[in-house]
Structure formats: structure tokens, C-alpha cells
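J.: Input structure: start-v4.pdb, which contains PDB, N, CA, C and O atoms.
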MODEL        1
ATOM      1  N   HIS A   3       7.491   6.974  17.198
ATOM      2  CA  HIS A   3       8.630   6.151  16.841
ATOM      3  C   HIS A   3       9.614   6.863  15.930
ATOM      4  O   HIS A   3      10.561   6.241  15.464
ATOM      5  N   ASN A   4       9.366   8.137  15.639
ATOM      6  CA  ASN A   4      10.258   8.930  14.792
ATOM      7  C   ASN A   4      10.514   8.307  13.422
ATOM      8  O   ASN A   4      11.632   8.347  12.908
ATOM      9  N   ILE A   5       9.506   7.713  12.840
ATOM     10  CA  ILE A   5       9.619   7.149  11.494
ATOM     11  C   ILE A   5       9.283   8.261  10.497
ATOM     12  O   ILE A   5       8.204   8.838  10.561
ATOM     13  N   PRO A   6      10.191   8.561   9.580
ATOM     14  CA  PRO A   6       9.886   9.621   8.607
ATOM     15  C   PRO A   6       8.748   9.191   7.678
ATOM     16  O   PRO A   6       8.620   8.018   7.324
ATOM     17  N   PHE A   7       7.932  10.169   7.294
ATOM     18  CA  PHE A   7       6.787   9.869   6.438
ATOM     19  C   PHE A   7       7.224   9.220   5.133
ATOM     20  O   PHE A   7       6.494   8.415   4.565
ATOM     21  N   SER A   8       8.407   9.540   4.677
ATOM     22  CA  SER A   8       8.909   8.955   3.432
ATOM     23  C   SER A   8       9.136   7.449   3.555
ATOM     24  O   SER A   8       9.251   6.761   2.546
ATOM     25  N   SER A   9       9.172   6.932   4.778
ATOM     26  CA  SER A   9       9.375   5.507   5.008
ATOM     27  C   SER A   9       8.068   4.755   5.263
ATOM     28  O   SER A   9       8.096   3.566   5.564
ATOM     29  N   VAL A  10       6.947   5.447   5.158
ATOM     30  CA  VAL A  10       5.641   4.843   5.444
ATOM     31  C   VAL A  10       5.011   4.340   4.152
ATOM     32  O   VAL A  10       5.026   5.013   3.129
ATOM     33  N   ILE A  11       4.442   3.130   4.212
ATOM     34  CA  ILE A  11       3.638   2.584   3.126
ATOM     35  C   ILE A  11       2.207   2.533   3.640
ATOM     36  O   ILE A  11       1.945   1.967   4.702
ATOM     37  N   ALA A  12       1.290   3.123   2.874
ATOM     38  CA  ALA A  12      -0.126   3.110   3.258
ATOM     39  C   ALA A  12      -0.929   2.412   2.169
ATOM     40  O   ALA A  12      -0.612   2.521   0.977
ATOM     41  N   PHE A  13      -1.967   1.719   2.579
ATOM     42  CA  PHE A  13      -2.837   0.986   1.663
ATOM     43  C   PHE A  13      -4.259   1.496   1.824
ATOM     44  O   PHE A  13      -4.709   1.739   2.934
ATOM     45  N   GLY A  14      -4.965   1.635   0.712
ATOM     46  CA  GLY A  14      -6.332   2.104   0.792
ATOM     47  C   GLY A  14      -7.157   1.686  -0.411
ATOM     48  O   GLY A  14      -6.621   1.289  -1.442
ATOM     49  N   ASP A  15      -8.483   1.807  -0.232
ATOM     50  CA  ASP A  15      -9.380   1.448  -1.323
ATOM     51  C   ASP A  15     -10.564   2.401  -1.491
ATOM     52  O   ASP A  15     -11.285   2.322  -2.466
ATOM     53  N   ALA A  16     -10.748   3.316  -0.551
ATOM     54  CA  ALA A  16     -11.897   4.217  -0.603
ATOM     55  C   ALA A  16     -11.433   5.671  -0.561
ATOM     56  O   ALA A  16     -10.305   5.979  -0.160
ATOM     57  N   GLU A  17     -12.324   6.563  -0.983
ATOM     58  CA  GLU A  17     -11.957   7.979  -1.065
ATOM     59  C   GLU A  17     -11.506   8.562   0.272
ATOM     60  O   GLU A  17     -10.697   9.485   0.297
ATOM     61  N   ASN A  18     -11.989   8.018   1.383
ATOM     62  CA  ASN A  18     -11.542   8.530   2.682
ATOM     63  C   ASN A  18     -10.082   8.171   2.968
ATOM     64  O   ASN A  18      -9.495   8.676   3.910
ATOM     65  N   ASP A  19      -9.465   7.342   2.148
ATOM     66  CA  ASP A  19      -8.060   6.966   2.304
ATOM     67  C   ASP A  19      -7.112   7.870   1.510
ATOM     68  O   ASP A  19      -5.894   7.779   1.665
ATOM     69  N   ILE A  20      -7.635   8.738   0.672
ATOM     70  CA  ILE A  20      -6.804   9.529  -0.230
ATOM     71  C   ILE A  20      -5.780  10.379   0.512
ATOM     72  O   ILE A  20      -4.598  10.388   0.156
ATOM     73  N   SER A  21      -6.197  11.074   1.556
ATOM     74  CA  SER A  21      -5.232  11.924   2.272
ATOM     75  C   SER A  21      -4.121  11.087   2.895
ATOM     76  O   SER A  21      -2.960  11.500   2.915
ATOM     77  N   MET A  22      -4.441   9.908   3.390
ATOM     78  CA  MET A  22      -3.439   9.024   3.974
ATOM     79  C   MET A  22      -2.457   8.556   2.897
ATOM     80  O   MET A  22      -1.230   8.541   3.120
ATOM     81  N   LEU A  23      -2.962   8.191   1.734
ATOM     82  CA  LEU A  23      -2.092   7.717   0.658
ATOM     83  C   LEU A  23      -1.178   8.831   0.156
ATOM     84  O   LEU A  23      -0.016   8.588  -0.175
ATOM     85  N   LYS A  24      -1.686  10.057   0.099
ATOM     86  CA  LYS A  24      -0.867  11.195  -0.319
ATOM     87  C   LYS A  24       0.209  11.512   0.715
ATOM     88  O   LYS A  24       1.316  11.925   0.377
ATOM     89  N   PHE A  25      -0.104  11.302   1.972
ATOM     90  CA  PHE A  25       0.787  11.609   3.086
ATOM     91  C   PHE A  25       1.956  10.629   3.164
ATOM     92  O   PHE A  25       3.084  11.000   3.480
ATOM     93  N   ALA A  26       1.695   9.391   2.861
ATOM     94  CA  ALA A  26       2.709   8.334   2.988
ATOM     95  C   ALA A  26       3.778   8.471   1.912
ATOM     96  O   ALA A  26       3.545   9.025   0.837
ATOM     97  N   GLY A  27       4.934   7.929   2.201
ATOM     98  CA  GLY A  27       6.009   7.885   1.211
ATOM     99  C   GLY A  27       5.609   7.076  -0.001
ATOM    100  O   GLY A  27       5.931   7.425  -1.135
ATOM    101  N   ILE A  28       4.880   5.981   0.226
ATOM    102  CA  ILE A  28       4.355   5.151  -0.856
ATOM    103  C   ILE A  28       2.878   4.909  -0.562
ATOM    104  O   ILE A  28       2.526   4.278   0.433
ATOM    105  N   GLY A  29       2.029   5.426  -1.429
ATOM    106  CA  GLY A  29       0.593   5.224  -1.301
ATOM    107  C   GLY A  29       0.146   4.160  -2.282
ATOM    108  O   GLY A  29       0.330   4.305  -3.493
ATOM    109  N   VAL A  30      -0.421   3.073  -1.764
ATOM    110  CA  VAL A  30      -0.790   1.925  -2.589
ATOM    111  C   VAL A  30      -2.302   1.760  -2.595
ATOM    112  O   VAL A  30      -2.925   1.634  -1.541
ATOM    113  N   ALA A  31      -2.868   1.751  -3.788
ATOM    114  CA  ALA A  31      -4.299   1.471  -3.932
ATOM    115  C   ALA A  31      -4.495  -0.018  -4.130
ATOM    116  O   ALA A  31      -3.725  -0.677  -4.847
ATOM    117  N   MET A  32      -5.512  -0.544  -3.509
ATOM    118  CA  MET A  32      -5.866  -1.943  -3.698
ATOM    119  C   MET A  32      -6.495  -2.111  -5.082
ATOM    120  O   MET A  32      -7.072  -1.171  -5.632
ATOM    121  N   GLY A  33      -6.413  -3.296  -5.625
ATOM    122  CA  GLY A  33      -6.963  -3.560  -6.953
ATOM    123  C   GLY A  33      -8.448  -3.283  -7.062
ATOM    124  O   GLY A  33      -8.952  -2.950  -8.131
ATOM    125  N   ASN A  34      -9.163  -3.416  -5.964
ATOM    126  CA  ASN A  34     -10.603  -3.171  -5.945
ATOM    127  C   ASN A  34     -10.944  -1.755  -5.482
ATOM    128  O   ASN A  34     -12.093  -1.453  -5.189
ATOM    129  N   ALA A  35      -9.948  -0.855  -5.451
ATOM    130  CA  ALA A  35     -10.156   0.509  -4.968
ATOM    131  C   ALA A  35     -11.047   1.301  -5.915
ATOM    132  O   ALA A  35     -11.134   1.015  -7.117
ATOM    133  N   GLN A  36     -11.669   2.340  -5.352
ATOM    134  CA  GLN A  36     -12.435   3.271  -6.166
ATOM    135  C   GLN A  36     -11.471   4.006  -7.096
ATOM    136  O   GLN A  36     -10.301   4.220  -6.761
ATOM    137  N   GLN A  37     -11.936   4.401  -8.271
ATOM    138  CA  GLN A  37     -11.066   5.008  -9.284
ATOM    139  C   GLN A  37     -10.322   6.257  -8.793
ATOM    140  O   GLN A  37      -9.130   6.401  -9.079
ATOM    141  N   PRO A  38     -10.951   7.154  -8.032
ATOM    142  CA  PRO A  38     -10.189   8.320  -7.549
ATOM    143  C   PRO A  38      -8.990   7.932  -6.672
ATOM    144  O   PRO A  38      -7.978   8.627  -6.664
ATOM    145  N   VAL A  39      -9.098   6.827  -5.975
ATOM    146  CA  VAL A  39      -7.992   6.338  -5.145
ATOM    147  C   VAL A  39      -6.877   5.827  -6.050
ATOM    148  O   VAL A  39      -5.698   6.142  -5.847
ATOM    149  N   LYS A  40      -7.231   5.065  -7.057
ATOM    150  CA  LYS A  40      -6.234   4.566  -7.998
ATOM    151  C   LYS A  40      -5.530   5.712  -8.709
ATOM    152  O   LYS A  40      -4.330   5.645  -8.981
ATOM    153  N   ASP A  41      -6.275   6.767  -9.006
ATOM    154  CA  ASP A  41      -5.710   7.900  -9.742
ATOM    155  C   ASP A  41      -4.609   8.629  -8.983
ATOM    156  O   ASP A  41      -3.680   9.152  -9.600
ATOM    157  N   ILE A  42      -4.678   8.663  -7.651
ATOM    158  CA  ILE A  42      -3.664   9.406  -6.884
ATOM    159  C   ILE A  42      -2.580   8.492  -6.304
ATOM    160  O   ILE A  42      -1.573   8.985  -5.802
ATOM    161  N   ALA A  43      -2.790   7.201  -6.359
ATOM    162  CA  ALA A  43      -1.850   6.258  -5.739
ATOM    163  C   ALA A  43      -0.519   6.224  -6.484
ATOM    164  O   ALA A  43      -0.453   6.460  -7.690
ATOM    165  N   ASP A  44       0.535   5.922  -5.743
ATOM    166  CA  ASP A  44       1.850   5.722  -6.351
ATOM    167  C   ASP A  44       1.890   4.414  -7.118
ATOM    168  O   ASP A  44       2.637   4.277  -8.088
ATOM    169  N   GLU A  45       1.120   3.468  -6.651
ATOM    170  CA  GLU A  45       1.033   2.176  -7.337
ATOM    171  C   GLU A  45      -0.282   1.494  -6.969
ATOM    172  O   GLU A  45      -0.942   1.866  -6.003
ATOM    173  N   ILE A  46      -0.617   0.488  -7.767
ATOM    174  CA  ILE A  46      -1.827  -0.299  -7.529
ATOM    175  C   ILE A  46      -1.400  -1.747  -7.385
ATOM    176  O   ILE A  46      -0.603  -2.251  -8.185
ATOM    177  N   THR A  47      -1.911  -2.399  -6.355
ATOM    178  CA  THR A  47      -1.597  -3.804  -6.116
ATOM    179  C   THR A  47      -2.844  -4.642  -6.365
ATOM    180  O   THR A  47      -3.898  -4.116  -6.732
ATOM    181  N   ASP A  48      -2.748  -5.927  -6.188
ATOM    182  CA  ASP A  48      -3.915  -6.805  -6.327
ATOM    183  C   ASP A  48      -4.945  -6.486  -5.249
ATOM    184  O   ASP A  48      -4.637  -5.815  -4.262
ATOM    185  N   ASP A  49      -6.121  -7.022  -5.408
ATOM    186  CA  ASP A  49      -7.167  -6.786  -4.413
ATOM    187  C   ASP A  49      -6.921  -7.634  -3.167
ATOM    188  O   ASP A  49      -5.999  -8.453  -3.117
ATOM    189  N   ASN A  50      -7.773  -7.415  -2.172
ATOM    190  CA  ASN A  50      -7.600  -8.108  -0.891
ATOM    191  C   ASN A  50      -7.846  -9.605  -1.000
ATOM    192  O   ASN A  50      -7.374 -10.367  -0.166
ATOM    193  N   GLU A  51      -8.559 -10.046  -2.012
ATOM    194  CA  GLU A  51      -8.809 -11.479  -2.206
ATOM    195  C   GLU A  51      -7.597 -12.190  -2.800
ATOM    196  O   GLU A  51      -7.551 -13.412  -2.832
ATOM    197  N   HIS A  52      -6.624 -11.410  -3.298
ATOM    198  CA  HIS A  52      -5.451 -11.987  -3.955
ATOM    199  C   HIS A  52      -4.141 -11.489  -3.338
ATOM    200  O   HIS A  52      -3.142 -11.300  -4.036
ATOM    201  N   ASP A  53      -4.160 -11.285  -2.021
ATOM    202  CA  ASP A  53      -2.948 -10.966  -1.251
ATOM    203  C   ASP A  53      -2.236  -9.691  -1.690
ATOM    204  O   ASP A  53      -1.001  -9.596  -1.667
ATOM    205  N   GLY A  54      -3.002  -8.676  -2.064
ATOM    206  CA  GLY A  54      -2.422  -7.438  -2.558
ATOM    207  C   GLY A  54      -1.461  -6.776  -1.589
ATOM    208  O   GLY A  54      -0.378  -6.329  -1.996
ATOM    209  N   ILE A  55      -1.822  -6.704  -0.321
ATOM    210  CA  ILE A  55      -0.934  -6.059   0.652
ATOM    211  C   ILE A  55       0.367  -6.847   0.791
ATOM    212  O   ILE A  55       1.458  -6.271   0.760
ATOM    213  N   ALA A  56       0.265  -8.154   0.908
ATOM    214  CA  ALA A  56       1.468  -8.980   1.048
ATOM    215  C   ALA A  56       2.375  -8.827  -0.164
ATOM    216  O   ALA A  56       3.603  -8.669  -0.023
ATOM    217  N   LYS A  57       1.809  -8.833  -1.362
ATOM    218  CA  LYS A  57       2.624  -8.700  -2.576
ATOM    219  C   LYS A  57       3.366  -7.363  -2.591
ATOM    220  O   LYS A  57       4.540  -7.306  -2.958
ATOM    221  N   SER A  58       2.686  -6.302  -2.201
ATOM    222  CA  SER A  58       3.328  -4.995  -2.183
ATOM    223  C   SER A  58       4.410  -4.920  -1.110
ATOM    224  O   SER A  58       5.498  -4.380  -1.349
ATOM    225  N   LEU A  59       4.123  -5.463   0.065
ATOM    226  CA  LEU A  59       5.130  -5.447   1.131
ATOM    227  C   LEU A  59       6.362  -6.256   0.743
ATOM    228  O   LEU A  59       7.492  -5.834   0.999
ATOM    229  N   TYR A  60       6.173  -7.423   0.116
ATOM    230  CA  TYR A  60       7.314  -8.216  -0.335
ATOM    231  C   TYR A  60       8.134  -7.450  -1.375
ATOM    232  O   TYR A  60       9.357  -7.557  -1.416
ATOM    233  N   LYS A  61       7.462  -6.682  -2.210
ATOM    234  CA  LYS A  61       8.160  -5.884  -3.231
ATOM    235  C   LYS A  61       9.034  -4.815  -2.576
ATOM    236  O   LYS A  61      10.182  -4.620  -2.965
ATOM    237  N   HIS A  62       8.486  -4.120  -1.585
ATOM    238  CA  HIS A  62       9.183  -2.991  -0.978
ATOM    239  C   HIS A  62      10.086  -3.384   0.198
ATOM    240  O   HIS A  62      11.003  -2.642   0.537
ATOM    241  N   ILE A  63       9.810  -4.519   0.808
ATOM    242  CA  ILE A  63      10.605  -4.989   1.952
ATOM    243  C   ILE A  63      10.959  -6.460   1.705
ATOM    244  O   ILE A  63      10.394  -7.377   2.287
ATOM    245  N   PRO A  64      11.895  -6.718   0.808
ATOM    246  CA  PRO A  64      12.202  -8.093   0.421
ATOM    247  C   PRO A  64      12.629  -9.005   1.566
ATOM    248  O   PRO A  64      12.424 -10.215   1.518
ATOM    249  N   GLN A  65      13.195  -8.421   2.606
ATOM    250  CA  GLN A  65      13.636  -9.252   3.735
ATOM    251  C   GLN A  65      12.455  -9.918   4.461
ATOM    252  O   GLN A  65      12.658 -10.837   5.254
ATOM    253  N   LEU A  66      11.237  -9.505   4.180
ATOM    254  CA  LEU A  66      10.070 -10.180   4.775
ATOM    255  C   LEU A  66       9.975 -11.628   4.313
ATOM    256  O   LEU A  66       9.378 -12.451   4.995
ATOM    257  N   HIS A  67      10.535 -11.941   3.171
ATOM    258  CA  HIS A  67      10.505 -13.318   2.671
ATOM    259  C   HIS A  67      11.223 -14.276   3.623
ATOM    260  O   HIS A  67      10.954 -15.472   3.604
ATOM    261  N   THR A  68      12.106 -13.768   4.447
ATOM    262  CA  THR A  68      12.839 -14.645   5.362
ATOM    263  C   THR A  68      11.943 -15.194   6.459
ATOM    264  O   THR A  68      12.314 -16.128   7.152
ATOM    265  N   PHE A  69      10.743 -14.618   6.626
ATOM    266  CA  PHE A  69       9.815 -15.090   7.649
ATOM    267  C   PHE A  69       8.833 -16.126   7.140
ATOM    268  O   PHE A  69       7.999 -16.609   7.862
ATOM    269  N   ASP A  70       8.911 -16.461   5.857
ATOM    270  CA  ASP A  70       7.980 -17.460   5.289
ATOM    271  C   ASP A  70       8.205 -18.827   5.883
ATOM    272  O   ASP A  70       9.205 -19.248   6.260
TER     273      ASP A  70
ENDMDL
END
Starting from the coordinates I provided, produce the structure as C-alpha cells.
T.:
Amino acid sequence: HNIPFSSVIAFGDAENDISMLKFAGIGVAMGNAQQPVKDIADEITDDNEHDGIAKSLYKHIPQLHTFD
């Protein structure tokens, strides 16, 4: 789809996600992520039990609120 990596948001919580988070334009660690993941992430959001992905997406893509 020719989407530049700088436009990608990736979410992760385990050490196997680190390379993906580093690769993405914005690497987001979940609130329940392992500490090494949090250490390299661009930001940390709430855990999966508290809508962490949705909160981060609304922050970075505000127009998503129009679909509520």
C-alpha cells in the first residue's frame, strides 16, 4: 500500500515485539508490557483491559472519533 514506515503505529507488550515497535513511526507499549518493551517504546498506553489501543489511536488519529 506504499505507506511510509513513519506513518505506522505499532502496539506491543512482549520482547518479541521490540523490533516491530522500533521499526514503526510510533511504537506504543501496552500498560501491561514487559519492562524492556516499555523502555524502547515511544509511548506507553493503558493495558488491554482499559482500552489502551483505542486511547492511543484516538490520540494520534482524532478523526476516528467521528465513527463513535
J.: From a DSSP calculation on the backbone, collect every residue of chain A in strand (DSSP E or B) and output the set as a count of residues only.
T.: 10
J.: Near segment 30-47 of chain A, counting only C-alpha atoms, which residues have an atom at most 12 Å away, once you skip same-chain residues fewer than 3 positions from it, shown as a CSV table (one decimal) with N, CA, C and O atoms, in the coordinates of the input?
T.:
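As a result, around.csv now contains:
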chain,number,residue,atom,x,y,z
A,10,VAL,N,6.9,5.4,5.2
A,10,VAL,CA,5.6,4.8,5.4
A,10,VAL,C,5.0,4.3,4.2
A,10,VAL,O,5.0,5.0,3.1
A,11,ILE,N,4.4,3.1,4.2
A,11,ILE,CA,3.6,2.6,3.1
A,11,ILE,C,2.2,2.5,3.6
A,11,ILE,O,1.9,2.0,4.7
A,12,ALA,N,1.3,3.1,2.9
A,12,ALA,CA,-0.1,3.1,3.3
A,12,ALA,C,-0.9,2.4,2.2
A,12,ALA,O,-0.6,2.5,1.0
A,13,PHE,N,-2.0,1.7,2.6
A,13,PHE,CA,-2.8,1.0,1.7
A,13,PHE,C,-4.3,1.5,1.8
A,13,PHE,O,-4.7,1.7,2.9
A,14,GLY,N,-5.0,1.6,0.7
A,14,GLY,CA,-6.3,2.1,0.8
A,14,GLY,C,-7.2,1.7,-0.4
A,14,GLY,O,-6.6,1.3,-1.4
A,15,ASP,N,-8.5,1.8,-0.2
A,15,ASP,CA,-9.4,1.4,-1.3
A,15,ASP,C,-10.6,2.4,-1.5
A,15,ASP,O,-11.3,2.3,-2.5
A,16,ALA,N,-10.7,3.3,-0.6
A,16,ALA,CA,-11.9,4.2,-0.6
A,16,ALA,C,-11.4,5.7,-0.6
A,16,ALA,O,-10.3,6.0,-0.2
A,17,GLU,N,-12.3,6.6,-1.0
A,17,GLU,CA,-12.0,8.0,-1.1
A,17,GLU,C,-11.5,8.6,0.3
A,17,GLU,O,-10.7,9.5,0.3
A,18,ASN,N,-12.0,8.0,1.4
A,18,ASN,CA,-11.5,8.5,2.7
A,18,ASN,C,-10.1,8.2,3.0
A,18,ASN,O,-9.5,8.7,3.9
A,19,ASP,N,-9.5,7.3,2.1
A,19,ASP,CA,-8.1,7.0,2.3
A,19,ASP,C,-7.1,7.9,1.5
A,19,ASP,O,-5.9,7.8,1.7
A,20,ILE,N,-7.6,8.7,0.7
A,20,ILE,CA,-6.8,9.5,-0.2
A,20,ILE,C,-5.8,10.4,0.5
A,20,ILE,O,-4.6,10.4,0.2
A,21,SER,N,-6.2,11.1,1.6
A,21,SER,CA,-5.2,11.9,2.3
A,21,SER,C,-4.1,11.1,2.9
A,21,SER,O,-3.0,11.5,2.9
A,22,MET,N,-4.4,9.9,3.4
A,22,MET,CA,-3.4,9.0,4.0
A,22,MET,C,-2.5,8.6,2.9
A,22,MET,O,-1.2,8.5,3.1
A,23,LEU,N,-3.0,8.2,1.7
A,23,LEU,CA,-2.1,7.7,0.7
A,23,LEU,C,-1.2,8.8,0.2
A,23,LEU,O,0.0,8.6,-0.2
A,24,LYS,N,-1.7,10.1,0.1
A,24,LYS,CA,-0.9,11.2,-0.3
A,24,LYS,C,0.2,11.5,0.7
A,24,LYS,O,1.3,11.9,0.4
A,25,PHE,N,-0.1,11.3,2.0
A,25,PHE,CA,0.8,11.6,3.1
A,25,PHE,C,2.0,10.6,3.2
A,25,PHE,O,3.1,11.0,3.5
A,26,ALA,N,1.7,9.4,2.9
A,26,ALA,CA,2.7,8.3,3.0
A,26,ALA,C,3.8,8.5,1.9
A,26,ALA,O,3.5,9.0,0.8
A,27,GLY,N,4.9,7.9,2.2
A,27,GLY,CA,6.0,7.9,1.2
A,27,GLY,C,5.6,7.1,0.0
A,27,GLY,O,5.9,7.4,-1.1
A,50,ASN,N,-7.8,-7.4,-2.2
A,50,ASN,CA,-7.6,-8.1,-0.9
A,50,ASN,C,-7.8,-9.6,-1.0
A,50,ASN,O,-7.4,-10.4,-0.2
A,51,GLU,N,-8.6,-10.0,-2.0
A,51,GLU,CA,-8.8,-11.5,-2.2
A,51,GLU,C,-7.6,-12.2,-2.8
A,51,GLU,O,-7.6,-13.4,-2.8
A,52,HIS,N,-6.6,-11.4,-3.3
A,52,HIS,CA,-5.5,-12.0,-4.0
A,52,HIS,C,-4.1,-11.5,-3.3
A,52,HIS,O,-3.1,-11.3,-4.0
A,53,ASP,N,-4.2,-11.3,-2.0
A,53,ASP,CA,-2.9,-11.0,-1.3
A,53,ASP,C,-2.2,-9.7,-1.7
A,53,ASP,O,-1.0,-9.6,-1.7
A,54,GLY,N,-3.0,-8.7,-2.1
A,54,GLY,CA,-2.4,-7.4,-2.6
A,54,GLY,C,-1.5,-6.8,-1.6
A,54,GLY,O,-0.4,-6.3,-2.0
A,55,ILE,N,-1.8,-6.7,-0.3
A,55,ILE,CA,-0.9,-6.1,0.7
A,55,ILE,C,0.4,-6.8,0.8
A,55,ILE,O,1.5,-6.3,0.8
A,56,ALA,N,0.3,-8.2,0.9
A,56,ALA,CA,1.5,-9.0,1.0
A,56,ALA,C,2.4,-8.8,-0.2
A,56,ALA,O,3.6,-8.7,0.0
A,57,LYS,N,1.8,-8.8,-1.4
A,57,LYS,CA,2.6,-8.7,-2.6
A,57,LYS,C,3.4,-7.4,-2.6
A,57,LYS,O,4.5,-7.3,-3.0
A,58,SER,N,2.7,-6.3,-2.2
A,58,SER,CA,3.3,-5.0,-2.2
A,58,SER,C,4.4,-4.9,-1.1
A,58,SER,O,5.5,-4.4,-1.3
A,59,LEU,N,4.1,-5.5,0.1
A,59,LEU,CA,5.1,-5.4,1.1
A,59,LEU,C,6.4,-6.3,0.7
A,59,LEU,O,7.5,-5.8,1.0
A,60,TYR,N,6.2,-7.4,0.1
A,60,TYR,CA,7.3,-8.2,-0.3
A,60,TYR,C,8.1,-7.4,-1.4
A,60,TYR,O,9.4,-7.6,-1.4
A,61,LYS,N,7.5,-6.7,-2.2
A,61,LYS,CA,8.2,-5.9,-3.2
A,61,LYS,C,9.0,-4.8,-2.6
A,61,LYS,O,10.2,-4.6,-3.0
A,62,HIS,N,8.5,-4.1,-1.6
A,62,HIS,CA,9.2,-3.0,-1.0
A,62,HIS,C,10.1,-3.4,0.2
A,62,HIS,O,11.0,-2.6,0.5
J.: Find the distance between atom O of Pro6 of chain A and atom O of Gln65 of chain A and write it in Å to one decimal.
T.: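 Between atom O of Pro6 of chain A and atom O of Gln65 of chain A the gap works out to 19.4 Å.
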J.: When you draw a straight line from atom O of Ser9 of chain A to atom N of Ile28 of chain A, how long is it in Å?
T.: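 These two atoms are separated by 6.7 Å.
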J.: Measure the distance from atom C of Gly29 of chain A to atom CA of Asp48 of chain A in Å and round it to one decimal.
T.: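 About the pair atom C of Gly29 of chain A and atom CA of Asp48 of chain A: they are 12.4 Å apart.
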J.: Return as a list in words the full set of residues in chain A whose backbone-based DSSP assignment is alpha helix (DSSP H).
T.: Ile20, Ser21, Met22, Leu23, Lys24, Phe25, Gln37, Pro38, Val39, Lys40, Asp41, Ile42, Gly54, Ile55, Ala56, Lys57, Ser58, Leu59, Tyr60, Lys61 and His62 of chain A
J.: Kindly save the residues from that selection, with N, CA, C and O atoms included, as a short mmCIF file (atom, residue, chain, number, x, y, z; two decimals), keeping the file's coordinate frame.
T.:
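The resulting file, part.cif, is shown below:
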data_model
loop_
_atom_site.label_atom_id
_atom_site.label_comp_id
_atom_site.auth_asym_id
_atom_site.auth_seq_id
_atom_site.Cartn_x
_atom_site.Cartn_y
_atom_site.Cartn_z
N ILE A 20 -7.64 8.74 0.67
CA ILE A 20 -6.80 9.53 -0.23
C ILE A 20 -5.78 10.38 0.51
O ILE A 20 -4.60 10.39 0.16
N SER A 21 -6.20 11.07 1.56
CA SER A 21 -5.23 11.92 2.27
C SER A 21 -4.12 11.09 2.90
O SER A 21 -2.96 11.50 2.92
N MET A 22 -4.44 9.91 3.39
CA MET A 22 -3.44 9.02 3.97
C MET A 22 -2.46 8.56 2.90
O MET A 22 -1.23 8.54 3.12
N LEU A 23 -2.96 8.19 1.73
CA LEU A 23 -2.09 7.72 0.66
C LEU A 23 -1.18 8.83 0.16
O LEU A 23 -0.02 8.59 -0.18
N LYS A 24 -1.69 10.06 0.10
CA LYS A 24 -0.87 11.20 -0.32
C LYS A 24 0.21 11.51 0.72
O LYS A 24 1.32 11.92 0.38
N PHE A 25 -0.10 11.30 1.97
CA PHE A 25 0.79 11.61 3.09
C PHE A 25 1.96 10.63 3.16
O PHE A 25 3.08 11.00 3.48
N GLN A 37 -11.94 4.40 -8.27
CA GLN A 37 -11.07 5.01 -9.28
C GLN A 37 -10.32 6.26 -8.79
O GLN A 37 -9.13 6.40 -9.08
N PRO A 38 -10.95 7.15 -8.03
CA PRO A 38 -10.19 8.32 -7.55
C PRO A 38 -8.99 7.93 -6.67
O PRO A 38 -7.98 8.63 -6.66
N VAL A 39 -9.10 6.83 -5.98
CA VAL A 39 -7.99 6.34 -5.14
C VAL A 39 -6.88 5.83 -6.05
O VAL A 39 -5.70 6.14 -5.85
N LYS A 40 -7.23 5.07 -7.06
CA LYS A 40 -6.23 4.57 -8.00
C LYS A 40 -5.53 5.71 -8.71
O LYS A 40 -4.33 5.64 -8.98
N ASP A 41 -6.28 6.77 -9.01
CA ASP A 41 -5.71 7.90 -9.74
C ASP A 41 -4.61 8.63 -8.98
O ASP A 41 -3.68 9.15 -9.60
N ILE A 42 -4.68 8.66 -7.65
CA ILE A 42 -3.66 9.41 -6.88
C ILE A 42 -2.58 8.49 -6.30
O ILE A 42 -1.57 8.98 -5.80
N GLY A 54 -3.00 -8.68 -2.06
CA GLY A 54 -2.42 -7.44 -2.56
C GLY A 54 -1.46 -6.78 -1.59
O GLY A 54 -0.38 -6.33 -2.00
N ILE A 55 -1.82 -6.70 -0.32
CA ILE A 55 -0.93 -6.06 0.65
C ILE A 55 0.37 -6.85 0.79
O ILE A 55 1.46 -6.27 0.76
N ALA A 56 0.26 -8.15 0.91
CA ALA A 56 1.47 -8.98 1.05
C ALA A 56 2.38 -8.83 -0.16
O ALA A 56 3.60 -8.67 -0.02
N LYS A 57 1.81 -8.83 -1.36
CA LYS A 57 2.62 -8.70 -2.58
C LYS A 57 3.37 -7.36 -2.59
O LYS A 57 4.54 -7.31 -2.96
N SER A 58 2.69 -6.30 -2.20
CA SER A 58 3.33 -5.00 -2.18
C SER A 58 4.41 -4.92 -1.11
O SER A 58 5.50 -4.38 -1.35
N LEU A 59 4.12 -5.46 0.06
CA LEU A 59 5.13 -5.45 1.13
C LEU A 59 6.36 -6.26 0.74
O LEU A 59 7.49 -5.83 1.00
N TYR A 60 6.17 -7.42 0.12
CA TYR A 60 7.31 -8.22 -0.34
C TYR A 60 8.13 -7.45 -1.38
O TYR A 60 9.36 -7.56 -1.42
N LYS A 61 7.46 -6.68 -2.21
CA LYS A 61 8.16 -5.88 -3.23
C LYS A 61 9.03 -4.82 -2.58
O LYS A 61 10.18 -4.62 -2.96
N HIS A 62 8.49 -4.12 -1.58
CA HIS A 62 9.18 -2.99 -0.98
C HIS A 62 10.09 -3.38 0.20
O HIS A 62 11.00 -2.64 0.54
#
